[in-house]
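Okay, so here's the structure we're looking at.
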Amino acid sequence: MSAQRVLHDHFFREAKRNGYRSRAAYKLLEIDDKRDILRKRDYVLDLGAAPGSWLQVASKRIGPRGKIIGVDLQEIKNLQLDNVTTLKEDVTTLSLDTFGDDGLFDVILSDMAPSTTGNRTIDHHGSVRLCHTALDIAATLLKPKGNLVMKVLEGGAYKELLERCETCFSVAKGFKPKASRAISTEMFVVCTGRREDMTKPMDVAPPRPGSGW
């Protein structure tokens, strides 16, 4: 058995043992341990939240006085965490009106991923589009100095995405957690310190459809 397969099985077993809904929990745990994204009493928005493992992690990290809203096209059932609310919603419809009087978020998390095709170019561009969507949402719903974490599949449009992040946040860096498969192109863009002048709507166009889409 390969070392990577052993590592994958380790995180899978740990997730089962600790009651996490998927081993993706360990990706967010490592990101937060290294970059200090989540803090006590934070107000957090989790995009693409199903099946709920990131909600479980964030719930513990922000404590009972924090609050998280998880949004996904799929219903997230039986989570039973006092500081978590879930919405079955298309993230592109989110606005300040969606959340009433609760105000802007301290942190936005995005584990969104496109429906994969097996074609790395197509899947990469799909993931980049979702990241640009997350940035558009952050421009409207994230507090100044707030943090954003989002999943992306590496490829040719990654550099442009990172450049946009760097114009919107004080620090924006790519990070690949140990719980991500070595053979996967998956990684995470970790953005801290939302700039006051983060533009809205988007001032950097997402990749345009073309050959390979």
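Each chain of the structure tokens is named A, B, ... in the order shown, its residues numbered from 1; ligands are numbered from 1 in display order.
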Check the DSSP output for the backbone and give back, as a PyMOL selection string, the residues of stretch 94-198 of chain A in strand (DSSP E or B).
-> chain A and resi 105-110+142-153+169-175+186-194
Could you pull the residues within 7 Å of A:Asn83, counting only C-alpha atoms, minus those fewer than 6 positions along the same chain, as a list of chain:residue names?
->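 The residues satisfying every condition are A:Ser59, A:Pro64, A:Gly66, A:Lys67, A:Ile68.
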6 Å contact set for stretch 105-120 of chain A, only C-alpha atoms, chain neighbours under 2 positions out, as a short mmCIF file (atom, residue, chain, number, x, y, z; two decimals) with C-alpha atoms, in the first residue's frame:
```
data_model
loop_
_atom_site.label_atom_id
_atom_site.label_comp_id
_atom_site.auth_asym_id
_atom_site.auth_seq_id
_atom_site.Cartn_x
_atom_site.Cartn_y
_atom_site.Cartn_z
CA ASP A 42 -16.79 34.80 15.13
CA TYR A 43 -19.74 35.01 12.77
CA VAL A 44 -18.99 32.55 9.95
CA LEU A 45 -20.48 31.77 6.54
CA ASP A 46 -19.71 28.32 5.09
CA LEU A 47 -20.38 28.03 1.33
CA GLY A 48 -20.88 24.55 -0.09
CA ILE A 122 -12.59 21.79 -17.40
CA ASP A 123 -12.66 20.98 -13.69
CA HIS A 124 -9.97 23.56 -12.92
CA GLY A 126 -15.06 25.33 -12.94
CA SER A 127 -13.37 25.56 -9.55
CA LEU A 142 -17.33 39.97 4.68
CA LYS A 143 -16.22 42.52 7.27
CA GLY A 146 -12.16 39.50 7.72
CA ASN A 147 -10.80 36.19 6.44
CA LEU A 148 -11.66 33.95 3.48
CA VAL A 149 -10.66 30.33 2.78
CA MET A 150 -11.64 28.67 -0.51
CA LYS A 151 -10.87 25.48 -2.36
#
```
Contact residues around A:Lys88 with only C-alpha atoms at 7 Å, ignoring same-chain residues under 5 positions, as a list of chain:residue names |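 What passes the distance filter is A:Val71, A:Asp72, A:Leu73, A:Gln74, A:Glu75.
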Pick from A:Gly155, A:Ala15, A:Ser180, A:Ile76: nearest to A:His125, with only C-alpha atoms counted?
->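 Once distances to A:His125 are computed over only C-alpha atoms, the minimum belongs to A:Gly155.
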